[in-house]
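**Student:** Quick one, entry.txt (compact mmCIF, C-alpha atoms):
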```
# COMPACT_ATOMS: atom_id res chain seq x y z
CA MET A 228 1.82 -26.87 112.81
CA LYS A 229 2.17 -30.54 112.11
CA PHE A 230 3.49 -33.46 114.11
CA SER A 231 7.23 -34.06 114.18
CA PRO A 232 8.47 -35.38 110.79
CA LEU A 233 8.87 -39.05 111.75
CA VAL A 234 5.44 -39.17 113.43
CA GLN A 235 3.82 -37.45 110.45
CA GLU A 236 5.52 -39.88 108.07
CA LEU A 237 4.23 -42.81 110.12
CA ILE A 238 0.68 -41.42 110.05
CA ASP A 239 0.87 -40.88 106.28
CA SER A 240 2.19 -44.40 105.71
CA LEU A 241 -0.55 -45.96 107.83
CA LYS A 242 -3.11 -44.41 105.48
CA CYS A 243 -2.10 -46.95 102.80
CA LEU A 244 -4.03 -49.59 104.80
CA PRO A 245 -7.55 -50.16 103.45
CA GLY A 246 -10.26 -48.48 105.52
CA VAL A 247 -7.77 -46.31 107.41
CA GLY A 248 -8.20 -42.54 107.07
CA ALA A 249 -6.40 -39.59 108.65
CA LYS A 250 -7.98 -39.90 112.10
CA SER A 251 -7.60 -43.69 112.40
CA ALA A 252 -3.99 -43.48 111.21
CA GLN A 253 -3.30 -40.88 113.88
CA ARG A 254 -4.89 -43.05 116.56
CA MET A 255 -2.91 -46.08 115.42
CA ALA A 256 0.38 -44.17 115.40
CA PHE A 257 -0.19 -42.78 118.91
CA HIS A 258 -1.24 -46.17 120.21
CA LEU A 259 1.88 -47.87 118.88
CA LEU A 260 4.22 -45.09 120.04
CA GLU A 261 2.70 -44.81 123.49
CA ARG A 262 1.55 -48.29 124.36
CA ASN A 263 3.02 -50.91 122.08
CA ARG A 264 6.46 -50.17 120.64
CA ARG A 265 7.35 -53.84 120.63
CA GLY A 266 4.24 -54.66 118.59
CA GLY A 267 5.09 -51.83 116.20
CA SER A 268 8.62 -53.09 115.66
CA LYS A 269 7.33 -56.61 115.15
CA LEU A 270 4.84 -55.32 112.57
CA ALA A 271 7.62 -53.41 110.77
CA HIS A 272 9.70 -56.58 110.66
CA SER A 273 6.91 -58.88 109.37
CA LEU A 274 5.83 -56.26 106.85
CA SER A 275 9.26 -55.78 105.33
CA LYS A 276 9.83 -59.54 105.16
CA ALA A 277 6.39 -60.29 103.69
CA MET A 278 6.52 -57.49 101.10
CA VAL A 279 9.80 -58.85 99.71
CA ASP A 280 9.52 -62.63 100.17
CA VAL A 281 5.86 -63.51 99.64
CA GLY A 282 5.04 -64.36 96.06
CA HIS A 283 2.40 -66.40 94.27
CA CYS A 284 2.21 -70.18 94.09
CA GLN A 285 3.11 -71.15 90.53
CA GLN A 286 0.21 -73.55 90.31
CA CYS A 287 -2.69 -71.94 92.18
CA ARG A 288 -1.59 -68.29 92.52
CA ASN A 289 -2.21 -68.29 96.30
CA PHE A 290 0.24 -66.33 98.45
CA THR A 291 3.31 -68.30 99.50
CA GLU A 292 6.99 -67.68 100.11
CA HIS A 293 7.89 -70.90 98.29
CA GLU A 294 7.50 -71.95 94.69
CA LEU A 295 4.41 -74.00 95.50
CA CYS A 296 1.94 -73.44 98.33
CA GLU A 297 1.24 -75.98 101.05
CA ILE A 298 -1.87 -77.34 99.32
CA CYS A 299 -0.26 -77.70 95.88
CA GLN A 300 2.74 -79.45 97.53
CA SER A 301 0.54 -81.89 99.45
CA PRO A 302 0.99 -85.45 98.06
CA LYS A 303 -2.68 -86.22 98.84
CA ARG A 304 -3.85 -83.59 96.40
CA GLN A 305 -1.26 -84.18 93.72
CA LEU A 306 -3.64 -86.30 91.67
CA ALA A 307 -6.84 -84.39 92.45
CA THR A 308 -9.21 -84.21 89.53
CA THR A 309 -11.35 -81.36 90.86
CA LEU A 310 -10.31 -77.72 90.64
CA CYS A 311 -12.06 -75.08 92.72
CA VAL A 312 -11.75 -71.50 91.43
CA VAL A 313 -12.04 -68.82 94.13
CA GLU A 314 -11.50 -65.07 94.27
CA SER A 315 -9.20 -64.69 97.27
CA PRO A 316 -6.87 -66.57 99.66
CA GLY A 317 -9.45 -65.98 102.41
CA ASP A 318 -11.92 -68.09 100.42
CA VAL A 319 -9.42 -70.98 100.31
CA LEU A 320 -9.10 -70.83 104.10
CA ALA A 321 -12.89 -70.73 104.56
CA ILE A 322 -13.40 -73.75 102.30
CA GLU A 323 -10.51 -75.68 103.90
CA GLN A 324 -12.07 -75.13 107.30
CA THR A 325 -15.21 -76.97 106.23
CA GLY A 326 -13.06 -80.06 105.42
CA GLU A 327 -15.52 -80.75 102.60
CA PHE A 328 -13.20 -80.33 99.62
CA THR A 329 -10.05 -82.31 98.92
CA GLY A 330 -9.23 -81.12 95.41
CA LYS A 331 -6.99 -78.32 94.25
CA TYR A 332 -7.63 -74.58 94.19
CA PHE A 333 -7.04 -71.77 91.78
CA VAL A 334 -7.00 -68.29 93.33
CA LEU A 335 -7.92 -65.46 90.95
CA MET A 336 -6.86 -62.71 93.39
CA GLY A 337 -9.84 -60.58 92.41
CA HIS A 338 -12.59 -60.61 89.82
CA LEU A 339 -13.05 -59.26 86.32
CA SER A 340 -13.72 -55.55 86.62
CA PRO A 341 -13.20 -53.58 83.40
CA ILE A 342 -13.95 -50.33 85.23
CA ASP A 343 -10.90 -50.89 87.48
CA GLY A 344 -8.84 -52.12 84.55
CA ILE A 345 -8.77 -55.72 85.82
CA GLY A 346 -8.91 -58.04 82.82
CA PRO A 347 -8.39 -61.80 82.28
CA ASP A 348 -4.58 -61.52 82.33
CA ASP A 349 -4.57 -59.90 85.79
CA LEU A 350 -6.50 -62.89 87.14
CA GLY A 351 -3.99 -65.40 85.74
CA LEU A 352 -6.57 -66.92 83.41
CA ASP A 353 -3.73 -67.87 81.05
CA ILE A 354 -2.33 -70.14 83.81
CA LEU A 355 -5.84 -71.49 84.42
CA ALA A 356 -6.19 -72.31 80.72
CA LYS A 357 -2.95 -74.32 80.95
CA HIS A 358 -4.42 -76.29 83.86
CA PHE A 359 -7.49 -77.01 81.73
CA ALA A 360 -5.31 -78.07 78.81
CA SER A 361 -3.23 -80.43 81.00
CA GLY A 362 -6.16 -82.85 81.15
CA GLN A 363 -5.71 -83.41 84.92
CA PHE A 364 -9.07 -81.97 85.87
CA ALA A 365 -12.42 -83.58 85.22
CA GLU A 366 -14.47 -80.95 87.06
CA VAL A 367 -14.16 -77.25 87.73
CA ILE A 368 -16.12 -75.81 90.66
CA LEU A 369 -16.79 -72.12 90.17
CA ALA A 370 -16.75 -70.69 93.70
CA THR A 371 -16.47 -66.97 92.92
CA ASN A 372 -18.59 -64.64 95.05
CA PRO A 373 -22.31 -64.38 94.22
CA THR A 374 -21.93 -60.73 93.17
CA VAL A 375 -22.35 -59.21 89.72
CA GLU A 376 -18.58 -59.24 89.14
CA GLY A 377 -18.21 -62.72 90.62
CA GLU A 378 -20.96 -64.09 88.36
CA ALA A 379 -19.41 -62.42 85.30
CA THR A 380 -16.03 -63.92 86.19
CA ALA A 381 -17.58 -67.37 86.67
CA HIS A 382 -19.27 -67.04 83.29
CA TYR A 383 -16.00 -66.09 81.61
CA ILE A 384 -14.17 -69.06 83.16
CA ALA A 385 -17.02 -71.42 82.24
CA ASP A 386 -16.61 -70.28 78.61
CA LEU A 387 -12.92 -71.09 78.85
CA ALA A 388 -13.49 -74.53 80.43
CA GLN A 389 -16.08 -75.45 77.79
CA GLU A 390 -13.40 -75.35 75.10
CA TYR A 391 -11.59 -78.17 76.93
CA GLN A 392 -14.77 -80.16 77.57
CA ILE A 393 -14.42 -80.07 81.35
CA ASN A 394 -17.47 -80.48 83.59
CA MET A 395 -18.39 -77.23 85.28
CA SER A 396 -20.38 -76.62 88.46
CA ARG A 397 -21.32 -73.55 90.42
CA ILE A 398 -21.63 -73.59 94.22
CA ALA A 399 -25.28 -73.57 95.34
CA HIS A 400 -26.96 -70.27 96.17
CA GLY A 401 -29.82 -70.34 98.62
CA VAL A 402 -30.97 -69.71 102.16
CA PRO A 403 -28.01 -69.80 104.60
CA VAL A 404 -28.20 -72.68 107.10
CA GLY A 405 -29.53 -71.36 110.41
CA GLY A 406 -31.05 -68.30 108.71
CA GLU A 407 -34.70 -67.30 108.89
CA LEU A 408 -36.69 -67.11 105.66
CA GLU A 409 -38.31 -63.85 106.73
CA TYR A 410 -35.00 -62.00 106.73
CA VAL A 411 -33.53 -63.45 103.55
CA ASP A 412 -33.50 -61.08 100.57
CA GLY A 413 -35.78 -61.75 97.60
CA ASN A 414 -33.00 -62.54 95.15
CA THR A 415 -31.53 -65.23 97.40
CA LEU A 416 -34.98 -66.63 98.05
CA SER A 417 -35.78 -66.97 94.36
CA HIS A 418 -32.41 -68.72 93.88
CA ALA A 419 -33.38 -71.04 96.73
CA PHE A 420 -36.68 -71.90 94.96
CA SER A 421 -35.29 -72.32 91.48
CA GLY A 422 -32.47 -74.47 92.85
CA ARG A 423 -34.72 -76.71 94.96
CA LYS A 424 -33.85 -80.40 95.25
CA SER A 425 -36.05 -83.44 95.73
CA TYR A 426 -36.48 -84.12 99.43
CA GLN A 427 -34.70 -87.23 100.65
CA MET A 428 -36.05 -89.13 103.64
CA MET B 297 -4.82 -75.23 107.29
CA LYS B 298 -3.44 -71.77 107.80
CA PHE B 299 -1.91 -69.24 105.46
CA SER B 300 1.78 -69.58 104.62
CA PRO B 301 3.97 -68.69 107.65
CA LEU B 302 5.03 -65.20 106.51
CA VAL B 303 1.48 -64.21 105.57
CA GLN B 304 0.12 -65.56 108.85
CA GLU B 305 2.82 -63.67 110.77
CA LEU B 306 1.90 -60.46 108.94
CA ILE B 307 -1.80 -60.94 109.77
CA ASP B 308 -0.99 -61.61 113.43
CA SER B 309 1.25 -58.54 113.64
CA LEU B 310 -1.40 -56.29 112.07
CA LYS B 311 -3.73 -57.24 114.93
CA CYS B 312 -1.61 -55.09 117.28
CA LEU B 313 -3.19 -52.01 115.64
CA PRO B 314 -6.11 -50.64 117.68
CA GLY B 315 -9.52 -51.54 116.24
CA VAL B 316 -8.09 -54.21 113.94
CA GLY B 317 -9.35 -57.77 114.47
CA ALA B 318 -8.69 -61.01 112.63
CA LYS B 319 -10.83 -60.24 109.58
CA SER B 320 -9.58 -56.66 109.11
CA ALA B 321 -5.97 -57.78 109.54
CA GLN B 322 -6.50 -60.40 106.84
CA ARG B 323 -8.03 -57.83 104.50
CA MET B 324 -5.15 -55.41 105.14
CA ALA B 325 -2.50 -58.07 104.55
CA PHE B 326 -4.09 -59.19 101.25
CA HIS B 327 -4.53 -55.61 100.11
CA LEU B 328 -0.88 -54.76 100.74
CA LEU B 329 0.41 -58.00 99.20
CA GLU B 330 -1.80 -57.83 96.14
CA ARG B 331 -2.20 -54.14 95.40
CA ASN B 332 0.29 -52.01 97.29
CA ARG B 333 3.66 -53.61 98.02
CA ARG B 334 5.39 -50.26 97.74
CA GLY B 335 3.06 -48.76 100.37
CA GLY B 336 3.66 -51.78 102.59
CA SER B 337 7.43 -51.43 102.37
CA LYS B 338 7.19 -47.71 103.05
CA LEU B 339 5.02 -48.42 106.11
CA ALA B 340 7.56 -51.00 107.36
CA HIS B 341 10.33 -48.44 106.95
CA SER B 342 8.53 -45.56 108.73
CA LEU B 343 7.37 -47.90 111.49
CA SER B 344 10.81 -49.25 112.29
CA LYS B 345 12.31 -45.74 112.24
CA ALA B 346 9.53 -44.21 114.37
CA MET B 347 9.50 -47.01 116.96
CA VAL B 348 13.22 -46.52 117.60
CA ASP B 349 13.78 -42.80 117.11
CA VAL B 350 10.63 -41.05 118.36
CA GLY B 351 10.80 -40.13 122.02
CA HIS B 352 9.16 -37.57 124.27
CA CYS B 353 9.94 -33.85 124.39
CA GLN B 354 11.74 -33.25 127.67
CA GLN B 355 9.62 -30.21 128.41
CA CYS B 356 6.10 -31.01 127.23
CA ARG B 357 6.18 -34.82 126.73
CA ASN B 358 4.83 -34.53 123.17
CA PHE B 359 6.24 -36.98 120.61
CA THR B 360 9.41 -35.79 118.92
CA GLU B 361 12.63 -37.28 117.58
CA HIS B 362 14.64 -34.42 119.10
CA GLU B 363 15.26 -33.41 122.69
CA LEU B 364 12.66 -30.64 122.48
CA CYS B 365 9.60 -30.53 120.23
CA GLU B 366 8.99 -27.82 117.63
CA ILE B 367 6.74 -25.80 119.94
CA CYS B 368 9.06 -25.92 122.96
CA GLN B 369 11.97 -24.93 120.70
CA SER B 370 10.11 -21.96 119.22
CA PRO B 371 11.69 -18.66 120.41
CA LYS B 372 8.25 -17.01 120.38
CA ARG B 373 7.00 -19.36 123.06
CA GLN B 374 10.13 -19.48 125.17
CA LEU B 375 8.79 -16.90 127.61
CA ALA B 376 5.14 -17.95 127.53
CA THR B 377 3.41 -17.63 130.89
CA THR B 378 0.44 -19.83 130.09
CA LEU B 379 0.58 -23.62 130.16
CA CYS B 380 -2.14 -25.70 128.54
CA VAL B 381 -2.45 -29.28 129.82
CA VAL B 382 -3.92 -31.73 127.29
CA GLU B 383 -4.35 -35.50 127.12
CA SER B 384 -2.87 -36.34 123.72
CA PRO B 385 -0.70 -35.01 120.87
CA GLY B 386 -3.84 -34.88 118.71
CA ASP B 387 -5.28 -32.29 121.12
CA VAL B 388 -2.18 -30.11 120.65
CA LEU B 389 -2.68 -30.23 116.90
CA ALA B 390 -6.38 -29.40 117.21
CA ILE B 391 -5.68 -26.39 119.46
CA GLU B 392 -2.79 -25.19 117.28
CA GLN B 393 -5.08 -25.26 114.25
CA THR B 394 -7.39 -22.72 115.90
CA GLY B 395 -4.43 -20.29 116.19
CA GLU B 396 -6.03 -19.10 119.44
CA PHE B 397 -3.34 -20.15 121.89
CA THR B 398 0.29 -19.01 121.91
CA GLY B 399 1.48 -20.44 125.22
CA LYS B 400 3.15 -23.75 125.95
CA TYR B 401 1.65 -27.20 126.22
CA PHE B 402 2.01 -30.15 128.51
CA VAL B 403 0.89 -33.49 127.07
CA LEU B 404 -0.20 -36.09 129.63
CA MET B 405 -0.34 -38.93 127.09
CA GLY B 406 -3.49 -40.30 128.70
CA HIS B 407 -5.56 -39.68 131.79
CA LEU B 408 -5.61 -41.00 135.35
CA SER B 409 -7.20 -44.42 135.27
CA PRO B 410 -6.55 -46.55 138.36
CA ILE B 411 -8.39 -49.47 136.77
CA ASP B 412 -5.83 -49.59 133.94
CA GLY B 413 -2.98 -48.98 136.37
CA ILE B 414 -2.30 -45.46 135.03
CA GLY B 415 -1.25 -43.26 137.94
CA PRO B 416 0.26 -39.76 138.29
CA ASP B 417 3.77 -40.94 137.46
CA ASP B 418 2.70 -42.42 134.11
CA LEU B 419 1.31 -39.02 133.12
CA GLY B 420 4.58 -37.24 133.94
CA LEU B 421 2.99 -35.20 136.70
CA ASP B 422 6.40 -35.04 138.41
CA ILE B 423 7.70 -33.11 135.38
CA LEU B 424 4.57 -30.94 135.46
CA ALA B 425 5.20 -30.15 139.16
CA LYS B 426 8.72 -28.99 138.22
CA HIS B 427 7.20 -26.64 135.62
CA PHE B 428 4.89 -25.25 138.30
CA ALA B 429 7.81 -24.85 140.71
CA SER B 430 9.92 -23.02 138.10
CA GLY B 431 7.70 -19.95 138.49
CA GLN B 432 7.50 -19.42 134.71
CA PHE B 433 3.78 -19.96 134.47
CA ALA B 434 1.11 -17.60 135.76
CA GLU B 435 -1.83 -19.60 134.43
CA VAL B 436 -2.59 -23.24 133.79
CA ILE B 437 -5.39 -24.07 131.36
CA LEU B 438 -6.84 -27.50 132.06
CA ALA B 439 -7.85 -28.80 128.63
CA THR B 440 -8.33 -32.50 129.40
CA ASN B 441 -11.34 -34.17 127.81
CA PRO B 442 -14.76 -33.55 129.39
CA THR B 443 -15.07 -37.22 130.40
CA VAL B 444 -15.14 -38.69 133.90
CA GLU B 445 -11.44 -39.60 133.71
CA GLY B 446 -10.54 -36.27 132.12
CA GLU B 447 -12.35 -34.33 134.87
CA ALA B 448 -10.67 -36.42 137.57
CA THR B 449 -7.28 -35.75 135.98
CA ALA B 450 -8.02 -32.02 135.76
CA HIS B 451 -9.01 -32.03 139.41
CA TYR B 452 -5.79 -33.79 140.41
CA ILE B 453 -3.67 -31.30 138.46
CA ALA B 454 -5.61 -28.35 139.89
CA ASP B 455 -4.76 -29.66 143.36
CA LEU B 456 -1.11 -29.76 142.35
CA ALA B 457 -1.13 -26.25 140.85
CA GLN B 458 -2.82 -24.82 143.93
CA GLU B 459 0.23 -25.63 146.03
CA TYR B 460 2.25 -23.29 143.82
CA GLN B 461 -0.41 -20.56 143.81
CA ILE B 462 -0.85 -20.63 140.04
CA ASN B 463 -4.10 -19.44 138.46
CA MET B 464 -6.11 -22.31 137.07
CA SER B 465 -8.78 -22.32 134.37
CA ARG B 466 -10.81 -25.03 132.70
CA ILE B 467 -11.88 -24.79 129.05
CA ALA B 468 -15.56 -23.92 128.67
CA HIS B 469 -18.11 -26.69 128.26
CA GLY B 470 -21.33 -25.87 126.46
CA VAL B 471 -23.27 -26.14 123.23
CA PRO B 472 -20.92 -26.68 120.23
CA VAL B 473 -20.92 -23.78 117.77
CA GLY B 474 -23.17 -24.66 114.82
CA GLY B 475 -25.00 -27.30 116.86
CA GLU B 476 -28.74 -27.40 117.45
CA LEU B 477 -30.04 -27.18 121.03
CA GLU B 478 -32.59 -29.91 120.35
CA TYR B 479 -29.89 -32.51 119.74
CA VAL B 480 -27.51 -31.56 122.54
CA ASP B 481 -27.46 -33.95 125.52
CA GLY B 482 -28.86 -32.80 128.85
CA ASN B 483 -25.54 -32.79 130.69
CA THR B 484 -23.95 -30.47 128.13
CA LEU B 485 -27.02 -28.25 128.15
CA SER B 486 -26.95 -27.86 131.93
CA HIS B 487 -23.24 -26.98 131.66
CA ALA B 488 -24.17 -24.40 129.02
CA PHE B 489 -26.73 -22.84 131.37
CA SER B 490 -24.61 -22.87 134.53
CA GLY B 491 -21.66 -21.44 132.56
CA ARG B 492 -23.68 -18.65 130.87
CA LYS B 493 -22.01 -15.28 130.34
CA SER B 494 -23.47 -11.77 130.25
CA TYR B 495 -24.46 -10.90 126.70
CA GLN B 496 -22.26 -8.29 125.09
CA MET B 497 -23.64 -6.02 122.37
```
Starting from the file, give its structure as structure tokens.
**Tutor:**
Amino acid sequence: MKFSPLVQELIDSLKCLPGVGAKSAQRMAFHLLERNRRGGSKLAHSLSKAMVDVGHCQQCRNFTEHELCEICQSPKRQLATTLCVVESPGDVLAIEQTGEFTGKYFVLMGHLSPIDGIGPDDLGLDILAKHFASGQFAEVILATNPTVEGEATAHYIADLAQEYQINMSRIAHGVPVGGELEYVDGNTLSHAFSGRKSYQM
Amino acid sequence: MKFSPLVQELIDSLKCLPGVGAKSAQRMAFHLLERNRRGGSKLAHSLSKAMVDVGHCQQCRNFTEHELCEICQSPKRQLATTLCVVESPGDVLAIEQTGEFTGKYFVLMGHLSPIDGIGPDDLGLDILAKHFASGQFAEVILATNPTVEGEATAHYIADLAQEYQINMSRIAHGVPVGGELEYVDGNTLSHAFSGRKSYQM
């Protein structure tokens, strides 16, 4: 015995969400059917719209339903000379929330991962090369994640930028602010030592 | 700065799923947009269909898109004299998979919980009373969860069934098969002792 066809189909479809297995999908389906039909219908509506209408910004590859995303459209950033390369749209949001950076972004939408078949073309590095060639940017900040894949991707992009004689920088790795030295892993700690700066009074 | 309107709307809608917060919703939205648009569209389609078409079986209250669910329609069960009361459709599936029970079900879709405003009417106990009154059932098996709310609900239903002089039984509580005594909690173990049966060779 299985659930009725429509319910079973809903459970199977929910399994396409990352981190959702058979039991979670079942719980989600029951919750929506029993307690939140309006929320379920709203989700169906946003999903179908987003899946069709959301594309990539032609300049920075971030998600947007227009040709250019909000940041690339912004007149304040039109003449920015710094380009920050990140892995995902979530990274853009996190950096924007600091208010520290006023340049432009380039979103790779992943990292180089030959084992998953993700090569330079999948990350839009051809578009990135065009940005480098345009001569607009004087500095590229490599803000990929400090993982093995992120480092490899940063290295690859640095190679690319070198051809165009653009200054490259990598975001600093070290002890997180508010963290305790005792609980920081050894690798981070050695980065923090090798990247030490002269103390300013 | 936020994400583009459609993406933000998708993230907000995903938060209606149980156990999904802001970060998980973001991860799900990016995953669907970047890696599985087809899955996302399929989910949208099944969701919108299920939210509109799936209702409750008029006899047992289980989810179904027809008037009666598969089990209530089954000719083999039409004349069943045993009624098993469970909390959720998942419980029906679990019991069906044992192949042990061939009677009918009644699905409460929850348990009594005054603090959440869930009373007897929300659990369809008026429909259940009609089943009792019909005289079809000689035995009611109370298979609500062995939690405080589940026990309270079982007690309430037992009260109801008593008026109609129907035999009542409660599923056995004890040590799970394959479990080790050492790791079983004290409450379960005392249930296992008080519910002991004479050993049959």
**Student:** Using only C-alpha atoms, find the residues of chain A whose closest atom to chain B is at most 8 Å away, then write them as an MDAnalysis selection string.
**Tutor:** chainID A and resid 228:231 233:234 236:237 240:241 243:245 253:255 258:261 263:264 266:278 281 290:292 296:297 317 320 323:324 336
**Student:** Rank nothing, just name the residue among B:Ala448, B:His487, B:Gln458, B:Gly413 nearest to Glu435 of chain B, using only C-alpha atoms.
**Tutor:**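 Residue with the minimum atom-to-atom distance to Glu435 of chain B: B:Gln458.
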**Student:** Kindly provide, as lines of an AutoDock Vina configuration file, the centre and edge lengths (Å, one decimal) of an axis-aligned box around all atoms of segment 303-320 of chain A given in the file, with 5 Å on each side.
**Tutor:**
```
center_x = -6.7
center_y = -75.5
center_z = 96.8
size_x = 20.8
size_y = 31.6
size_z = 24.6
```
**Student:** Just how far from atom CA of Phe397 of chain B is atom CA of Gly474 of chain B, in Å to one decimal?
**Tutor:**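 Calculated distance between atom CA of Gly474 of chain B and atom CA of Phe397 of chain B is 21.5 Å.
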**Student:** In Å, with one decimal, what is the gap from atom CA of Lys303 of chain A to atom CA of Thr329 of chain A?
**Tutor:**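 Calculated distance between atom CA of Lys303 of chain A and atom CA of Thr329 of chain A is 8.3 Å.
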**Student:** So how far away is atom CA of Gly491 of chain B from atom CA of Pro472 of chain B, in Å?
**Tutor:** 13.4 Å
**Student:** I'd like to know which of B:Ile467, B:Leu421, B:Ile437, B:Ala488 is closest to Tyr452 of chain B, using all atoms listed in the file.
**Tutor:**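 Answer, going by the shortest atom-to-atom distance: B:Leu421.
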**Student:** Supply segment 376-388 of chain A as a short mmCIF file (atom, residue, chain, number, x, y, z; two decimals), in the frame of the given file, with N, CA and C atoms built in where the input has gaps.
**Tutor:**
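Resulting contents of result17.cif:
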```cif
data_model
loop_
_atom_site.label_atom_id
_atom_site.label_comp_id
_atom_site.auth_asym_id
_atom_site.auth_seq_id
_atom_site.Cartn_x
_atom_site.Cartn_y
_atom_site.Cartn_z
N GLU A 376 -19.91 -59.00 89.69
CA GLU A 376 -18.58 -59.24 89.14
C GLU A 376 -18.19 -60.71 89.26
N GLY A 377 -18.54 -61.31 90.41
CA GLY A 377 -18.21 -62.72 90.62
C GLY A 377 -18.91 -63.61 89.61
N GLU A 378 -20.19 -63.30 89.33
CA GLU A 378 -20.96 -64.09 88.36
C GLU A 378 -20.35 -63.94 86.96
N ALA A 379 -19.97 -62.68 86.62
CA ALA A 379 -19.41 -62.42 85.30
C ALA A 379 -18.10 -63.19 85.15
N THR A 380 -17.31 -63.20 86.23
CA THR A 380 -16.03 -63.92 86.19
C THR A 380 -16.27 -65.41 86.02
N ALA A 381 -17.25 -65.95 86.77
CA ALA A 381 -17.58 -67.37 86.67
C ALA A 381 -18.00 -67.71 85.24
N HIS A 382 -18.79 -66.82 84.65
CA HIS A 382 -19.27 -67.04 83.29
C HIS A 382 -18.10 -67.09 82.31
N TYR A 383 -17.17 -66.16 82.49
CA TYR A 383 -16.00 -66.09 81.61
C TYR A 383 -15.18 -67.37 81.70
N ILE A 384 -14.99 -67.86 82.95
CA ILE A 384 -14.17 -69.06 83.16
C ILE A 384 -14.90 -70.29 82.62
N ALA A 385 -16.23 -70.30 82.77
CA ALA A 385 -17.02 -71.42 82.24
C ALA A 385 -16.85 -71.51 80.72
N ASP A 386 -16.85 -70.35 80.06
CA ASP A 386 -16.61 -70.28 78.61
C ASP A 386 -15.28 -70.95 78.25
N LEU A 387 -14.28 -70.60 79.07
CA LEU A 387 -12.92 -71.09 78.85
C LEU A 387 -12.88 -72.61 79.03
N ALA A 388 -13.54 -73.10 80.11
CA ALA A 388 -13.49 -74.53 80.43
C ALA A 388 -14.21 -75.35 79.38
#
```
